[in-house]
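Engineer: Got a structure for you, questions after.
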Amino acid sequence: MAEELWNHSSLSSFILAGLFSHSPYDSFFFSLVLLAFGAAVVGNILLLMLIQVDRRLHTPMYFFLSQLSIMDLTMTCTVVPKMATNFLSGGKLISLGGCASQIFFVVTVGGAECFLLAVMAYDRYMAVCHPLRYPVLMNWKACSFLAMTSWMGGVADSVIDVGMVFSFPYCGSLEVDHFFCEVPALLRLSCSDTSLFEDLIYACCVVMLLLPLGVIVASYARVLTTVMRMPSTEGKQKALTTCSSHLAVVGLYYGGAIFSYMQRASARTPLGDRATSIFYTIVTPMFNPLIYSLRNREVTSALKKMLERWSM
């Protein structure tokens, strides 16, 4: 017991196992990760620039989309640079502060994105089903409040997680079988019984995933009903194109999140955790701006306009 307490009190760093398994193909896979990371960063920054400079994109939908881009940037930039640094340098250590920061930002963004996707679905519901009242109900004050509430929900969840994770004693091996500090991977190293906290995490994830998902399903059920009644074919096509982009993003995010977080701790494996983590920390941030730009005429028009200005 004394050794456990000494190890807990003197804890200053963890060892990250990393993403790669020292195979001959590590450099190739690392290059793919860097390409995906670069595409995610460039795509989201470009989307933020377009929303900022083009007045046609100064609408609630694009305001929420800008928040989604900030979340994606935060997520991927929290995880990939440290993983890349360790791979290139051959080091594996991450400080206690660095580990806590990774947990804080990843959980904050993960929770906030759940709420934000529900807010974006509600925004589409108001725009399609109540177009006359939409400018009044979804004014900038309401949009700012909804975005801030999404962020605060994620922050509240992450503060609890960080506080609880580092309240447990850690002894013996401090090697985290992951490429970044994720809560389930750290809990496996604890000397004490963490089952109650793991059950609490599971319950919170169910609530934070299923409640927003319920809002999304209900919103799009009403949107689909309204769109089907529209007399104009052009109006139907525009509404469906916008909504299908958002539904694609919802599918990407919730697919990985439900598979990752709605499993009991006993059913999770380090390999499965790494696979799903790659999905929501690298793949999803890369695809989100592509989905919205390729399927959205307003975004592609704004991009062409900006490129024309640069060429002149």
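Chain labels run A, B, ... following the order of the structure tokens; each chain numbers its residues from 1, and ligands are numbered from 1 in the order shown.
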So that I can see what lies close to Leu146 (chain A), please list as a ChimeraX atom specification the residues with an atom at most 9 Å from it, counting only C-alpha atoms and leaving out residues fewer than 4 positions away in the same chain.

Structural biologist: /A:115-116,119,141-142,150-151

Engineer: Write out as a PyMOL selection string each polymer residue whose atoms come within 12 Å of Val207 (chain A), counting only C-alpha atoms; drop sequence neighbours fewer than 5 positions from it.

Structural biologist: chain A and resi 111+114-115+157+200-202+212-214+258+261-262

Engineer: Generate a file of the selected residues that holds N, CA, C and O atoms, formatted as an mmCIF file, in the first residue's frame.

Structural biologist:
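Output contents, as saved in again.cif:
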```cif
data_model
loop_
_atom_site.group_PDB
_atom_site.id
_atom_site.type_symbol
_atom_site.label_atom_id
_atom_site.label_comp_id
_atom_site.auth_asym_id
_atom_site.auth_seq_id
_atom_site.Cartn_x
_atom_site.Cartn_y
_atom_site.Cartn_z
ATOM 1 N N GLY A 111 -17.852 15.885 -26.302
ATOM 2 C CA GLY A 111 -19.162 16.207 -25.743
ATOM 3 C C GLY A 111 -19.819 17.375 -26.455
ATOM 4 O O GLY A 111 -21.012 17.343 -26.770
ATOM 5 N N CYS A 114 -21.368 16.491 -29.814
ATOM 6 C CA CYS A 114 -22.668 15.807 -29.693
ATOM 7 C C CYS A 114 -23.801 16.833 -29.626
ATOM 8 O O CYS A 114 -24.793 16.736 -30.349
ATOM 9 N N PHE A 115 -23.629 17.822 -28.748
ATOM 10 C CA PHE A 115 -24.668 18.834 -28.567
ATOM 11 C C PHE A 115 -24.794 19.731 -29.795
ATOM 12 O O PHE A 115 -25.900 20.104 -30.191
ATOM 13 N N ASP A 157 -18.285 18.027 -18.667
ATOM 14 C CA ASP A 157 -17.989 16.599 -18.723
ATOM 15 C C ASP A 157 -16.497 16.337 -18.578
ATOM 16 O O ASP A 157 -16.065 15.447 -17.833
ATOM 17 N N LEU A 200 -20.271 4.879 -14.496
ATOM 18 C CA LEU A 200 -20.748 6.265 -14.573
ATOM 19 C C LEU A 200 -20.425 6.861 -15.939
ATOM 20 O O LEU A 200 -21.266 7.548 -16.546
ATOM 21 N N ILE A 201 -19.214 6.598 -16.452
ATOM 22 C CA ILE A 201 -18.831 7.066 -17.791
ATOM 23 C C ILE A 201 -19.772 6.494 -18.839
ATOM 24 O O ILE A 201 -20.241 7.204 -19.736
ATOM 25 N N TYR A 202 -20.059 5.201 -18.722
ATOM 26 C CA TYR A 202 -20.956 4.544 -19.672
ATOM 27 C C TYR A 202 -22.334 5.200 -19.657
ATOM 28 O O TYR A 202 -22.904 5.511 -20.712
ATOM 29 N N PRO A 212 -29.005 13.844 -27.710
ATOM 30 C CA PRO A 212 -28.836 14.640 -28.941
ATOM 31 C C PRO A 212 -29.259 13.875 -30.197
ATOM 32 O O PRO A 212 -29.830 14.471 -31.112
ATOM 33 N N LEU A 213 -28.988 12.573 -30.230
ATOM 34 C CA LEU A 213 -29.395 11.784 -31.394
ATOM 35 C C LEU A 213 -30.915 11.759 -31.534
ATOM 36 O O LEU A 213 -31.449 11.803 -32.647
ATOM 37 N N GLY A 214 -31.613 11.733 -30.408
ATOM 38 C CA GLY A 214 -33.071 11.804 -30.443
ATOM 39 C C GLY A 214 -33.562 13.114 -31.024
ATOM 40 O O GLY A 214 -34.521 13.141 -31.815
ATOM 41 N N ILE A 258 -20.637 5.952 -31.052
ATOM 42 C CA ILE A 258 -21.459 4.892 -30.457
ATOM 43 C C ILE A 258 -20.662 3.598 -30.340
ATOM 44 O O ILE A 258 -20.707 2.914 -29.306
ATOM 45 N N TYR A 261 -17.891 4.434 -27.410
ATOM 46 C CA TYR A 261 -18.238 4.777 -26.035
ATOM 47 C C TYR A 261 -19.458 4.055 -25.476
ATOM 48 O O TYR A 261 -19.705 4.112 -24.278
ATOM 49 N N MET A 262 -20.242 3.409 -26.322
ATOM 50 C CA MET A 262 -21.409 2.703 -25.793
ATOM 51 C C MET A 262 -21.130 1.209 -25.655
ATOM 52 O O MET A 262 -22.002 0.358 -25.814
#
```

Engineer: Which one of A:Glu182, A:Asp26, A:Asp54, A:Asp161 sits closest to Thr300 (chain A) if you count only C-alpha atoms?

Structural biologist: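 Of all the options, A:Asp54 lies closest to Thr300 (chain A).
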
Engineer: Separation of CA of Asn139 (chain A) and CA of Val107 (chain A), in Å?

Structural biologist: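 Here the two named atoms are 28.8 Å from each other.
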
Engineer: What does the distance from CA of Ser232 (chain A) to CA of Asn288 (chain A) come to in Å, to one decimal?

Structural biologist: 29.0 Å

Engineer: Rounded to one decimal place, report the CA of Gly172 (chain A)-CA of His22 (chain A) distance in Å.

Structural biologist: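 Computed distance, CA of Gly172 (chain A) to CA of His22 (chain A), equals 24.0 Å.
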
Engineer: Would you pick out the contacts of Cys191 (chain A) at 8 Å or less, using only C-alpha atoms, so that residues sharing its chain but fewer than 4 positions from it are not included, and give the list as an MDAnalysis selection string?

Structural biologist: chainID A and resid 4 168:171

Engineer: Neighbouring residues of region 216-231 of chain A were defined as those with any atom within 8 Å, considering only C-alpha atoms; residues of the same chain fewer than 4 positions away were excluded. Please report them as a PyMOL selection string.

Structural biologist: chain A and resi 117-118+121-122+124-125+128-129+212+235-236+239-240

Engineer: Can you list, as number ranges by chain, every residue of region 6-196 of chain A that DSSP puts in strand (DSSP E)?

Structural biologist: A: 13-16, 93-95, 175-176

Engineer: Please provide the set of residues having any atom within 10 Å of Ala127 (chain A), restricted to only C-alpha atoms, with same-chain residues fewer than 4 positions apart removed, written as a list in words.

Structural biologist: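 In the requested format, the answer is Pro60, Met61, Ala121, Tyr122, Asp123, Pro131, Leu132, Arg133, Tyr134, Pro135, Leu137, Met138, Val223 and Ala239 of chain A.
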
Engineer: Could you save those same residues with N, CA and C atoms as an mmCIF file, in the first residue's frame?

Structural biologist:
```cif
data_model
loop_
_atom_site.group_PDB
_atom_site.id
_atom_site.type_symbol
_atom_site.label_atom_id
_atom_site.label_comp_id
_atom_site.auth_asym_id
_atom_site.auth_seq_id
_atom_site.Cartn_x
_atom_site.Cartn_y
_atom_site.Cartn_z
ATOM 1 N N PRO A 60 -26.954 31.560 -39.589
ATOM 2 C CA PRO A 60 -26.834 30.632 -38.456
ATOM 3 C C PRO A 60 -26.211 29.290 -38.828
ATOM 4 N N MET A 61 -26.611 28.714 -39.979
ATOM 5 C CA MET A 61 -26.091 27.404 -40.360
ATOM 6 C C MET A 61 -24.571 27.424 -40.468
ATOM 7 N N ALA A 121 -29.144 20.321 -36.263
ATOM 8 C CA ALA A 121 -30.366 19.669 -36.760
ATOM 9 C C ALA A 121 -31.589 20.522 -36.423
ATOM 10 N N TYR A 122 -31.614 21.089 -35.220
ATOM 11 C CA TYR A 122 -32.719 21.962 -34.816
ATOM 12 C C TYR A 122 -32.761 23.211 -35.696
ATOM 13 N N ASP A 123 -31.585 23.739 -36.050
ATOM 14 C CA ASP A 123 -31.504 24.904 -36.939
ATOM 15 C C ASP A 123 -32.114 24.588 -38.298
ATOM 16 N N PRO A 131 -40.007 28.829 -41.833
ATOM 17 C CA PRO A 131 -39.155 29.822 -42.516
ATOM 18 C C PRO A 131 -39.494 31.273 -42.172
ATOM 19 N N LEU A 132 -40.764 31.573 -41.908
ATOM 20 C CA LEU A 132 -41.146 32.956 -41.618
ATOM 21 C C LEU A 132 -40.658 33.395 -40.237
ATOM 22 N N ARG A 133 -40.673 32.491 -39.274
ATOM 23 C CA ARG A 133 -40.232 32.830 -37.920
ATOM 24 C C ARG A 133 -38.744 32.573 -37.702
ATOM 25 N N TYR A 134 -38.105 31.934 -38.685
ATOM 26 C CA TYR A 134 -36.697 31.542 -38.532
ATOM 27 C C TYR A 134 -35.760 32.714 -38.204
ATOM 28 N N PRO A 135 -35.817 33.841 -38.942
ATOM 29 C CA PRO A 135 -34.892 34.946 -38.638
ATOM 30 C C PRO A 135 -35.058 35.507 -37.225
ATOM 31 N N LEU A 137 -36.433 33.700 -34.460
ATOM 32 C CA LEU A 137 -36.116 32.693 -33.449
ATOM 33 C C LEU A 137 -34.635 32.323 -33.436
ATOM 34 N N MET A 138 -34.011 32.293 -34.606
ATOM 35 C CA MET A 138 -32.587 31.934 -34.682
ATOM 36 C C MET A 138 -31.755 33.186 -34.937
ATOM 37 N N VAL A 223 -38.450 17.608 -40.834
ATOM 38 C CA VAL A 223 -37.920 18.243 -42.049
ATOM 39 C C VAL A 223 -38.312 17.434 -43.272
ATOM 40 N N ALA A 239 -33.194 21.909 -50.052
ATOM 41 C CA ALA A 239 -33.355 21.491 -48.656
ATOM 42 C C ALA A 239 -32.711 20.129 -48.411
#
```

Engineer: Region 76-79 of chain A: which residues within 9 Å, counting only C-alpha atoms, same-chain residues fewer than 2 positions away excluded, as a PyMOL selection string?

Structural biologist: chain A and resi 37+40-41+71-74+81-84+101-102+105-106+179-181+280-282+285

Engineer: Just the selected residues (C-alpha atoms), exported as a PDB file, in the first residue's frame, please.

Structural biologist:
```
ATOM      1  CA  PHE A  37      -3.927  15.503 -40.596  1.00  0.00           C
ATOM      2  CA  ALA A  40      -8.035  18.170 -41.907  1.00  0.00           C
ATOM      3  CA  VAL A  41      -6.144  21.294 -40.827  1.00  0.00           C
ATOM      4  CA  MET A  71     -13.942  21.578 -32.700  1.00  0.00           C
ATOM      5  CA  ASP A  72     -12.412  19.399 -35.429  1.00  0.00           C
ATOM      6  CA  LEU A  73      -9.215  21.459 -35.404  1.00  0.00           C
ATOM      7  CA  THR A  74      -8.994  21.257 -31.630  1.00  0.00           C
ATOM      8  CA  PRO A  81       1.251  16.480 -33.194  1.00  0.00           C
ATOM      9  CA  LYS A  82       2.282  14.659 -29.987  1.00  0.00           C
ATOM     10  CA  MET A  83       1.901  11.274 -31.651  1.00  0.00           C
ATOM     11  CA  ALA A  84       3.989  12.454 -34.630  1.00  0.00           C
ATOM     12  CA  SER A 101      -4.613  18.375 -21.362  1.00  0.00           C
ATOM     13  CA  GLN A 102      -5.269  15.692 -23.952  1.00  0.00           C
ATOM     14  CA  PHE A 105      -9.635  18.797 -24.859  1.00  0.00           C
ATOM     15  CA  VAL A 106     -10.671  15.456 -26.377  1.00  0.00           C
ATOM     16  CA  PHE A 179      -1.376   6.723 -29.036  1.00  0.00           C
ATOM     17  CA  PHE A 180      -2.812   9.429 -26.753  1.00  0.00           C
ATOM     18  CA  CYS A 181      -4.223   9.714 -23.242  1.00  0.00           C
ATOM     19  CA  TYR A 280     -12.900  10.421 -34.664  1.00  0.00           C
ATOM     20  CA  THR A 281      -9.544  12.197 -34.139  1.00  0.00           C
ATOM     21  CA  ILE A 282      -8.228  12.100 -37.735  1.00  0.00           C
ATOM     22  CA  PRO A 285     -12.070  16.079 -39.008  1.00  0.00           C
TER      23      PRO A 285
END
```

Engineer: Among the residues of region 9-168 of chain A, find those DSSP assigns to helix (DSSP H, G or I) from the backbone and print them as a PyMOL selection string.

Structural biologist: chain A and resi 9+26-53+55-57+60-89+96-129+134-137+140-165

Engineer: I'd like the contact shell of region 89-91 of chain A - 10 Å cut-off, only C-alpha atoms, skipping same-chain residues fewer than 6 positions apart - returned as a ChimeraX atom specification.

Structural biologist: /A:15-18,83

Engineer: Kindly export the residues of the current selection with N, CA and C atoms, as an mmCIF file, in the first residue's frame.

Structural biologist:
```
data_model
loop_
_atom_site.group_PDB
_atom_site.id
_atom_site.type_symbol
_atom_site.label_atom_id
_atom_site.label_comp_id
_atom_site.auth_asym_id
_atom_site.auth_seq_id
_atom_site.Cartn_x
_atom_site.Cartn_y
_atom_site.Cartn_z
ATOM 1 N N ILE A 15 3.804 6.667 -20.311
ATOM 2 C CA ILE A 15 4.457 6.195 -21.532
ATOM 3 C C ILE A 15 3.362 5.832 -22.531
ATOM 4 N N LEU A 16 3.404 6.461 -23.702
ATOM 5 C CA LEU A 16 2.424 6.168 -24.740
ATOM 6 C C LEU A 16 2.960 5.077 -25.657
ATOM 7 N N ALA A 17 2.202 4.000 -25.817
ATOM 8 C CA ALA A 17 2.646 2.891 -26.668
ATOM 9 C C ALA A 17 2.754 3.311 -28.128
ATOM 10 N N GLY A 18 1.916 4.267 -28.535
ATOM 11 C CA GLY A 18 1.967 4.759 -29.907
ATOM 12 C C GLY A 18 0.949 4.078 -30.802
ATOM 13 N N MET A 83 1.646 12.608 -31.119
ATOM 14 C CA MET A 83 1.901 11.274 -31.651
ATOM 15 C C MET A 83 3.007 11.316 -32.700
#
```
